[in-house]
Amino acid sequence: MINPSTRSPVWQARLPFIAFLVVALAVPALLTSGFQLRLVSLICIYAILSMGFNLLYGYAGQIAMGHQGFFAIAAYAYALLQLKAGLPVLAALPLSLVICALVAVVIGVPLLRLRTHYLAMATLCFGLVISGVANRWIDVTGGTGGLLIPSITIGNKTVDRTTLYYLIVAATALVLALQNFIVSSHLGRSLQAIRDDDRAAAALGVNVAVQKLRVFVLSAVIAGLAGIGFAVVSRQVSPSMGEFPVLVSMLTIAVVGGLGTRYGPILGSIVVVIAPQFLTRFGDMETLIYGLCLLLFLIFMPHGLSGMIKSLGRALSGRLARRTPPRLAPKHAVKKGVGR
Amino acid sequence: MDKISVLLLAGLTNGSVYGLIGLSLSLIYGTNRVINFAQGDFVMVGAMSAILFMVTYSLPTPVALLAVIGVVLVCALALEFAVYRPLVRRGAPPLTIMIGTLAAAIIASGIALLIWGANQLYVPNILSLDPITLGPLTTNLQQLSIISAFVIFLLVTWFLLYRTSFGLCVRATGANPRVAQLMGIRSSRIVRFGFMFSAFVSGISGVLIGPLLGGQVSMGVALTVKGFMAAILGGLGSPFAAAAGGLVIGLLETFVAGYGSSLYAEPIIFLLILLVLLIRPFGLLGDFEAVRR
């Protein structure tokens, strides 16, 4: 049977990608205020973060709740490499991602032996440790105040806000392409096999431990990339980057957008970044509404916005198909035949 | 010597609370395989509603205690009816239910934020905080009450689970809910009992630890995570293993903070957990889970 999530017609797979690129590239022309541009950058950054999480949880079924830790580690590494070691941006960026990957390998080897709940709890502890260290290791991390990020200079030219935005869009497109490539490649299929049944996957020759570690490290590096982006856009690193709210937004994005879907992370981050702009008028109610939305989505729309769009699309094409004379037998008849 | 005894008592106090949260977590996990992210928020609700009833309404202590227990139990029922049931009815996998309880935790702290505000509040003490001397140890009744509550709840849980026919039902549901149902056990009631009993335990520990920690709306998450650490270290499979894990974490945390710096406490605990996981993936004492798989 053809798996719809791995193989779809070319236009269907490419269309949202092109739509994303067109919209993202047109944004600076349409939006004038810096605040709006910053919001769109934030959408891109959260989308990057969630695409890593999507690969790990949505496709491979390994839930890790410590990605806010990697988000913060890479940002701190990026800041410290520039401030303390005096490295240029082009060296600091890859080096901090390498640091992120090393940390992911070190904690991934023992932690990935765990399953489901244990994995979630252990990685959550990791996230807590990172935010604790960021808060209390004041000599290096600057405590709650955090560190200021120097503006990006390549050669002797400072990158201005619009260029920075284009850089972030490029990074998002790159990660999106990477995600789509992985999902439709051998790795993606073995990840989904692990998600559905790891023993069966192992029996079919998937090296479960190695594949899990690979996707864990990859998603940690992607989270780190998002962290660096976030730090550059907000021009500072602070311990709040490694704290609980980041995890909550990441989970909300995953759930609202739809787990294990290609464009769920982008849809989810649009909602999660834009919605609080409307929620601020509720003041103290914000937390409550956040939680309620998460819960309602979980109960009533378990496949998120992507699932809704897909079923809408199916309903529309169903209506179209009804107008044209049916070439196939009605669905239930087909099903019956298969059943027998 | 003086420092050691002070740290020992403080560690035992904190460890008792972590242990009680770990015990509650593993009780719920034992009945329905769900990790309850809102467990720390039960502690928060316990502490904060103690403020509400004892300070704002100035009710007499026993009445206030009953009211607090009532509030906590209502929260547990709300969690079961509004989060657990609908998700289970729609066939959600356990991890989705876990995210659902996380949503419940956010909702709980959101509502608490509306009622009590974001500031740290003083939680009234039921027992006196005056120092008393027991041989070489200097302590106060509040601390002692937490440690004794830990012991009492351990005994009660042990008695319930292993010495009553109801406990047999609970354990049967934990081992295999479907078969238990075929044997005439109402699994849904057992699950509700799990939620209510663990909420009761956590609520009481909230009332007791409140005066020492201070009540804050956002305290739930940190406590939940400490409970997780306890449960992983000891093993989720058995409530007693999780409780023991809590004691170890509480003691370790206080001693490292006392002799080194609080900076090292959490990383050291995490390293310990990593080491334990390398050797025993299901926790130090968690055989149950390993046998099941």
# chains A, B, ... in the order shown; residues from 1 in each chain; ligands from 1

call {"tool": "residues_around", "arguments": {"residues": "Gln236 in chain A", "least_positions_apart": "3", "cutoff": "12 Å", "atoms": "only C-alpha atoms", "output": "ChimeraX atom specification"}}
result
/A:72,75-76,78-80,83,141-142,144-151,227-233,239-241

call {"tool": "write_last_selection", "arguments": {"atoms": "C-alpha atoms", "output": "PDB file, in the first residue's frame"}}
result
ATOM      1  CA  ALA A  72      19.373  27.566  24.856  1.00  0.00           C
ATOM      2  CA  ALA A  75      22.365  30.255  21.668  1.00  0.00           C
ATOM      3  CA  TYR A  76      24.685  30.493  24.670  1.00  0.00           C
ATOM      4  CA  TYR A  78      27.004  31.166  19.875  1.00  0.00           C
ATOM      5  CA  ALA A  79      27.105  34.185  22.187  1.00  0.00           C
ATOM      6  CA  LEU A  80      30.032  32.965  24.280  1.00  0.00           C
ATOM      7  CA  LEU A  83      32.137  37.329  23.235  1.00  0.00           C
ATOM      8  CA  THR A 141      26.030  33.011  31.445  1.00  0.00           C
ATOM      9  CA  GLY A 142      25.346  36.386  33.005  1.00  0.00           C
ATOM     10  CA  THR A 144      19.005  36.090  34.671  1.00  0.00           C
ATOM     11  CA  GLY A 145      20.133  39.143  32.724  1.00  0.00           C
ATOM     12  CA  GLY A 146      21.676  36.982  30.040  1.00  0.00           C
ATOM     13  CA  LEU A 147      24.156  38.086  27.405  1.00  0.00           C
ATOM     14  CA  LEU A 148      23.933  40.583  24.596  1.00  0.00           C
ATOM     15  CA  ILE A 149      24.522  39.263  21.103  1.00  0.00           C
ATOM     16  CA  PRO A 150      26.733  41.418  18.900  1.00  0.00           C
ATOM     17  CA  SER A 151      25.100  42.270  15.589  1.00  0.00           C
ATOM     18  CA  GLY A 227      17.919  28.984  19.223  1.00  0.00           C
ATOM     19  CA  ILE A 228      20.668  30.902  17.452  1.00  0.00           C
ATOM     20  CA  GLY A 229      18.064  32.519  15.221  1.00  0.00           C
ATOM     21  CA  PHE A 230      16.007  33.513  18.219  1.00  0.00           C
ATOM     22  CA  ALA A 231      19.040  34.969  19.975  1.00  0.00           C
ATOM     23  CA  VAL A 232      20.061  36.957  16.905  1.00  0.00           C
ATOM     24  CA  VAL A 233      16.570  38.345  16.376  1.00  0.00           C
ATOM     25  CA  PRO A 239      17.828  31.771  30.669  1.00  0.00           C
ATOM     26  CA  SER A 240      14.161  32.088  29.737  1.00  0.00           C
ATOM     27  CA  MET A 241      15.099  30.471  26.413  1.00  0.00           C
TER      28      MET A 241
END

call {"tool": "interface_residues", "arguments": {"of": "chain A", "to": "chain B", "cutoff": "7 Å", "atoms": "only C-alpha atoms", "output": "short mmCIF file (atom, residue, chain, number, x, y, z; two decimals) with all heavy atoms, in the first residue's frame"}}
result
data_model
loop_
_atom_site.label_atom_id
_atom_site.label_comp_id
_atom_site.auth_asym_id
_atom_site.auth_seq_id
_atom_site.Cartn_x
_atom_site.Cartn_y
_atom_site.Cartn_z
N PRO A 110 22.56 7.32 26.58
CA PRO A 110 21.83 6.65 27.66
C PRO A 110 20.31 6.87 27.60
O PRO A 110 19.55 5.95 27.87
CB PRO A 110 22.41 7.28 28.93
CG PRO A 110 23.01 8.55 28.51
CD PRO A 110 23.41 8.40 27.09
N ARG A 113 17.70 4.79 25.40
CA ARG A 113 17.33 3.42 25.78
C ARG A 113 15.95 3.40 26.42
O ARG A 113 15.35 2.35 26.57
CB ARG A 113 18.35 2.86 26.76
CG ARG A 113 19.72 2.76 26.17
CD ARG A 113 20.72 2.40 27.22
NE ARG A 113 20.28 1.23 27.99
CZ ARG A 113 21.09 0.50 28.71
NH1 ARG A 113 22.37 0.78 28.73
NH2 ARG A 113 20.65 -0.51 29.39
N LEU A 114 15.50 4.57 26.83
CA LEU A 114 14.20 4.66 27.49
C LEU A 114 13.10 4.75 26.44
O LEU A 114 13.32 5.17 25.33
CB LEU A 114 14.14 5.91 28.36
CG LEU A 114 15.25 6.01 29.37
CD1 LEU A 114 15.16 7.33 30.08
CD2 LEU A 114 15.11 4.89 30.36
N HIS A 117 7.20 7.38 28.21
CA HIS A 117 7.11 8.28 29.36
C HIS A 117 8.44 8.52 30.01
O HIS A 117 8.76 9.63 30.41
CB HIS A 117 6.17 7.69 30.40
CG HIS A 117 4.78 7.55 29.91
ND1 HIS A 117 4.25 6.35 29.54
CD2 HIS A 117 3.82 8.46 29.71
CE1 HIS A 117 3.01 6.53 29.14
NE2 HIS A 117 2.73 7.80 29.24
N TYR A 118 9.22 7.45 30.12
CA TYR A 118 10.52 7.61 30.77
C TYR A 118 11.38 8.58 29.98
O TYR A 118 12.06 9.44 30.54
CB TYR A 118 11.23 6.25 30.86
CG TYR A 118 10.77 5.39 32.00
CD1 TYR A 118 9.69 4.55 31.87
CD2 TYR A 118 11.43 5.42 33.22
CE1 TYR A 118 9.27 3.76 32.91
CE2 TYR A 118 11.02 4.64 34.26
CZ TYR A 118 9.94 3.80 34.11
OH TYR A 118 9.54 3.02 35.14
N MET A 121 10.18 12.16 30.54
CA MET A 121 10.53 12.71 31.85
C MET A 121 12.02 12.98 31.96
O MET A 121 12.44 14.01 32.48
CB MET A 121 10.09 11.74 32.94
CG MET A 121 8.59 11.61 33.01
SD MET A 121 8.06 10.78 34.49
CE MET A 121 8.70 9.16 34.19
N CYS A 125 13.93 16.55 32.52
CA CYS A 125 14.91 16.84 33.56
C CYS A 125 16.13 17.51 32.96
O CYS A 125 16.68 18.46 33.54
CB CYS A 125 15.34 15.56 34.27
SG CYS A 125 14.03 14.77 35.18
N PHE A 126 16.54 17.04 31.79
CA PHE A 126 17.69 17.66 31.11
C PHE A 126 17.42 19.14 30.86
O PHE A 126 18.25 20.00 31.16
CB PHE A 126 17.98 16.93 29.80
CG PHE A 126 18.90 17.66 28.88
CD1 PHE A 126 20.25 17.75 29.16
CD2 PHE A 126 18.41 18.30 27.75
CE1 PHE A 126 21.09 18.45 28.33
CE2 PHE A 126 19.24 18.99 26.91
CZ PHE A 126 20.59 19.07 27.19
N VAL A 129 17.73 21.08 33.99
CA VAL A 129 19.12 21.26 34.41
C VAL A 129 19.75 22.42 33.63
O VAL A 129 20.42 23.28 34.20
CB VAL A 129 19.90 19.96 34.18
CG1 VAL A 129 21.39 20.21 34.33
CG2 VAL A 129 19.44 18.91 35.15
N VAL A 133 21.29 25.77 35.20
CA VAL A 133 22.69 26.18 35.03
C VAL A 133 22.75 27.60 34.44
O VAL A 133 23.52 28.44 34.89
CB VAL A 133 23.44 25.18 34.12
CG1 VAL A 133 24.79 25.73 33.73
CG2 VAL A 133 23.59 23.86 34.82
N ARG A 136 22.10 30.09 37.19
CA ARG A 136 22.94 30.21 38.38
C ARG A 136 24.43 30.33 38.08
O ARG A 136 25.18 30.73 38.96
CB ARG A 136 22.71 29.00 39.29
CG ARG A 136 21.27 28.90 39.72
CD ARG A 136 21.11 28.16 41.01
NE ARG A 136 19.72 27.76 41.16
CZ ARG A 136 19.27 26.55 40.91
NH1 ARG A 136 20.12 25.60 40.58
NH2 ARG A 136 18.02 26.25 41.04
N TRP A 137 24.87 29.96 36.88
CA TRP A 137 26.30 30.04 36.58
C TRP A 137 26.59 31.45 36.10
O TRP A 137 26.91 31.69 34.94
CB TRP A 137 26.66 29.01 35.52
CG TRP A 137 28.11 28.67 35.45
CD1 TRP A 137 29.08 29.02 36.32
CD2 TRP A 137 28.74 27.92 34.41
NE1 TRP A 137 30.28 28.52 35.91
CE2 TRP A 137 30.11 27.84 34.75
CE3 TRP A 137 28.29 27.30 33.25
CZ2 TRP A 137 31.02 27.17 33.94
CZ3 TRP A 137 29.20 26.64 32.45
CH2 TRP A 137 30.56 26.57 32.80
N ASP A 284 -4.22 38.68 32.20
CA ASP A 284 -3.89 37.50 33.01
C ASP A 284 -4.53 36.22 32.48
O ASP A 284 -4.13 35.13 32.86
CB ASP A 284 -4.35 37.73 34.46
CG ASP A 284 -3.39 38.64 35.18
OD1 ASP A 284 -2.28 38.84 34.65
OD2 ASP A 284 -3.74 39.13 36.26
N MET A 285 -5.54 36.37 31.62
CA MET A 285 -6.23 35.18 31.12
C MET A 285 -5.37 34.41 30.13
O MET A 285 -5.72 33.29 29.75
CB MET A 285 -7.53 35.57 30.42
CG MET A 285 -8.52 36.30 31.26
SD MET A 285 -9.57 35.16 32.10
CE MET A 285 -10.76 34.84 30.81
N THR A 287 -2.53 32.70 29.99
CA THR A 287 -2.10 31.33 30.29
C THR A 287 -3.27 30.36 30.18
O THR A 287 -3.16 29.30 29.58
CB THR A 287 -1.53 31.26 31.71
OG1 THR A 287 -0.85 32.45 31.99
CG2 THR A 287 -0.63 30.08 31.87
N LEU A 288 -4.37 30.78 30.78
CA LEU A 288 -5.56 29.92 30.82
C LEU A 288 -6.02 29.60 29.41
O LEU A 288 -6.28 28.44 29.06
CB LEU A 288 -6.65 30.66 31.59
CG LEU A 288 -8.00 29.95 31.71
CD1 LEU A 288 -7.83 28.61 32.36
CD2 LEU A 288 -8.95 30.82 32.51
N GLY A 291 -3.76 27.14 27.61
CA GLY A 291 -3.99 25.76 28.05
C GLY A 291 -5.27 25.20 27.48
O GLY A 291 -5.31 24.06 27.01
N LEU A 292 -6.33 26.01 27.49
CA LEU A 292 -7.62 25.54 26.98
C LEU A 292 -7.52 25.20 25.51
O LEU A 292 -8.04 24.17 25.06
CB LEU A 292 -8.69 26.62 27.19
CG LEU A 292 -9.35 26.63 28.57
CD1 LEU A 292 -10.32 27.77 28.68
CD2 LEU A 292 -10.05 25.30 28.82
N LEU A 294 -4.87 24.28 23.84
CA LEU A 294 -4.09 23.04 23.70
C LEU A 294 -4.99 21.84 23.95
O LEU A 294 -5.03 20.89 23.17
CB LEU A 294 -2.93 23.08 24.68
CG LEU A 294 -1.93 21.94 24.64
CD1 LEU A 294 -1.33 21.82 23.28
CD2 LEU A 294 -0.84 22.15 25.66
N LEU A 295 -5.77 21.92 25.03
CA LEU A 295 -6.62 20.80 25.41
C LEU A 295 -7.70 20.55 24.36
O LEU A 295 -7.94 19.41 23.94
CB LEU A 295 -7.25 21.08 26.77
CG LEU A 295 -8.09 19.94 27.34
CD1 LEU A 295 -7.23 18.73 27.53
CD2 LEU A 295 -8.72 20.35 28.64
N LEU A 298 -6.34 18.95 21.33
CA LEU A 298 -6.02 17.54 21.57
C LEU A 298 -7.27 16.69 21.49
O LEU A 298 -7.27 15.60 20.93
CB LEU A 298 -5.40 17.38 22.96
CG LEU A 298 -3.91 17.55 23.09
CD1 LEU A 298 -3.52 17.36 24.53
CD2 LEU A 298 -3.19 16.55 22.23
N ILE A 299 -8.37 17.20 22.08
CA ILE A 299 -9.57 16.38 22.15
C ILE A 299 -10.31 16.36 20.82
O ILE A 299 -10.70 15.31 20.32
CB ILE A 299 -10.51 16.90 23.28
CG1 ILE A 299 -9.83 16.72 24.63
CG2 ILE A 299 -11.82 16.14 23.27
CD1 ILE A 299 -10.63 17.23 25.79
#

call {"tool": "select_by_dssp", "arguments": {"residues": "range 14-199 of chain B", "states": "strand (DSSP E or B)", "output": "ChimeraX atom specification"}}
result
/B:121,131-134,137-140

call {"tool": "residues_around", "arguments": {"residues": "Ile45 in chain A", "least_positions_apart": "4", "cutoff": "10 Å", "atoms": "only C-alpha atoms", "output": "PyMOL selection string"}}
result
chain A and resi 39-41+49-51+168-169+171-172+223+225-230+233+266+269

call {"tool": "write_last_selection", "arguments": {"atoms": "N, CA, C and O atoms", "output": "mmCIF file, in the first residue's frame"}}
result
data_model
loop_
_atom_site.group_PDB
_atom_site.id
_atom_site.type_symbol
_atom_site.label_atom_id
_atom_site.label_comp_id
_atom_site.auth_asym_id
_atom_site.auth_seq_id
_atom_site.Cartn_x
_atom_site.Cartn_y
_atom_site.Cartn_z
ATOM 1 N N LEU A 39 7.792 39.566 14.017
ATOM 2 C CA LEU A 39 6.828 38.493 14.256
ATOM 3 C C LEU A 39 6.995 37.378 13.225
ATOM 4 O O LEU A 39 7.006 36.196 13.577
ATOM 5 N N VAL A 40 7.152 37.787 11.946
ATOM 6 C CA VAL A 40 7.297 36.763 10.908
ATOM 7 C C VAL A 40 8.595 35.990 11.111
ATOM 8 O O VAL A 40 8.651 34.768 10.938
ATOM 9 N N SER A 41 9.655 36.704 11.526
ATOM 10 C CA SER A 41 10.907 35.999 11.821
ATOM 11 C C SER A 41 10.682 34.988 12.937
ATOM 12 O O SER A 41 11.189 33.862 12.877
ATOM 13 N N LEU A 49 12.310 25.177 14.983
ATOM 14 C CA LEU A 49 12.359 24.413 16.235
ATOM 15 C C LEU A 49 11.394 23.232 16.168
ATOM 16 O O LEU A 49 11.741 22.097 16.510
ATOM 17 N N SER A 50 10.180 23.514 15.698
ATOM 18 C CA SER A 50 9.169 22.464 15.723
ATOM 19 C C SER A 50 9.388 21.433 14.644
ATOM 20 O O SER A 50 8.936 20.300 14.787
ATOM 21 N N MET A 51 10.064 21.813 13.538
ATOM 22 C CA MET A 51 10.324 20.791 12.528
ATOM 23 C C MET A 51 11.270 19.734 13.088
ATOM 24 O O MET A 51 11.098 18.535 12.815
ATOM 25 N N ILE A 168 16.984 34.244 7.762
ATOM 26 C CA ILE A 168 16.164 33.326 8.557
ATOM 27 C C ILE A 168 15.206 32.557 7.663
ATOM 28 O O ILE A 168 15.008 31.344 7.831
ATOM 29 N N VAL A 169 14.625 33.250 6.682
ATOM 30 C CA VAL A 169 13.726 32.553 5.749
ATOM 31 C C VAL A 169 14.494 31.472 4.999
ATOM 32 O O VAL A 169 14.007 30.344 4.827
ATOM 33 N N ALA A 171 17.114 29.866 6.045
ATOM 34 C CA ALA A 171 17.361 28.749 6.960
ATOM 35 C C ALA A 171 16.110 27.907 7.104
ATOM 36 O O ALA A 171 16.175 26.667 7.096
ATOM 37 N N THR A 172 14.949 28.578 7.219
ATOM 38 C CA THR A 172 13.697 27.829 7.375
ATOM 39 C C THR A 172 13.442 26.965 6.152
ATOM 40 O O THR A 172 13.082 25.786 6.273
ATOM 41 N N ALA A 223 17.010 22.315 16.611
ATOM 42 C CA ALA A 223 16.564 23.162 17.714
ATOM 43 C C ALA A 223 17.630 24.199 18.033
ATOM 44 O O ALA A 223 17.319 25.366 18.314
ATOM 45 N N LEU A 225 19.808 25.485 15.944
ATOM 46 C CA LEU A 225 19.771 26.495 14.881
ATOM 47 C C LEU A 225 18.666 27.509 15.170
ATOM 48 O O LEU A 225 18.872 28.729 15.059
ATOM 49 N N ALA A 226 17.493 26.988 15.579
ATOM 50 C CA ALA A 226 16.396 27.881 15.925
ATOM 51 C C ALA A 226 16.786 28.782 17.089
ATOM 52 O O ALA A 226 16.471 29.980 17.097
ATOM 53 N N GLY A 227 17.501 28.198 18.063
ATOM 54 C CA GLY A 227 17.919 28.984 19.223
ATOM 55 C C GLY A 227 18.818 30.131 18.822
ATOM 56 O O GLY A 227 18.664 31.262 19.295
ATOM 57 N N ILE A 228 19.768 29.846 17.907
ATOM 58 C CA ILE A 228 20.668 30.902 17.452
ATOM 59 C C ILE A 228 19.862 31.995 16.745
ATOM 60 O O ILE A 228 20.063 33.189 16.975
ATOM 61 N N GLY A 229 18.909 31.546 15.909
ATOM 62 C CA GLY A 229 18.064 32.519 15.221
ATOM 63 C C GLY A 229 17.311 33.397 16.194
ATOM 64 O O GLY A 229 17.280 34.624 16.058
ATOM 65 N N PHE A 230 16.763 32.765 17.220
ATOM 66 C CA PHE A 230 16.007 33.513 18.219
ATOM 67 C C PHE A 230 16.898 34.528 18.922
ATOM 68 O O PHE A 230 16.522 35.688 19.117
ATOM 69 N N VAL A 233 17.702 37.438 16.578
ATOM 70 C CA VAL A 233 16.570 38.345 16.376
ATOM 71 C C VAL A 233 16.297 39.173 17.623
ATOM 72 O O VAL A 233 16.055 40.375 17.547
ATOM 73 N N ILE A 266 4.796 24.625 10.442
ATOM 74 C CA ILE A 266 4.663 26.012 9.986
ATOM 75 C C ILE A 266 3.287 26.555 10.344
ATOM 76 O O ILE A 266 3.165 27.653 10.910
ATOM 77 N N SER A 269 3.139 27.165 14.058
ATOM 78 C CA SER A 269 3.865 28.328 14.597
ATOM 79 C C SER A 269 3.208 29.624 14.167
ATOM 80 O O SER A 269 3.295 30.615 14.898
#

call {"tool": "residues_around", "arguments": {"residues": "Leu161 in chain B", "least_positions_apart": "5", "cutoff": "12 Å", "atoms": "only C-alpha atoms", "output": "list in words"}}
result
Leu27, Gly30, Thr31, Phe153, Leu154, Leu155, Val156, Phe166, Gly167, Leu168, Cys169, Val170, Arg171, Ala172, Thr173, Gly174, Ile190, Gly194, Ser238, Pro239 and Phe240 of chain B

call {"tool": "closest_residue", "arguments": {"among": "A:Ile48, A:Ala202, A:Val103, A:Leu316", "to": "Ala177 in chain A", "atoms": "only C-alpha atoms"}}
result
A:Ile48

call {"tool": "atom_distance", "arguments": {"atom1": "CA of Phe53 in chain B", "atom2": "CA of Ser128 in chain B"}}
result
18.2 Å

call {"tool": "residues_around", "arguments": {"residues": "range 129-134 of chain B", "least_positions_apart": "5", "cutoff": "12 Å", "atoms": "only C-alpha atoms", "output": "PyMOL selection string"}}
result
chain B and resi 5-6+9+124+139-145+208-209+211-212

call {"tool": "atom_distance", "arguments": {"atom1": "CA of Ala64 in chain A", "atom2": "CA of Ala257 in chain B"}}
result
28.2 Å
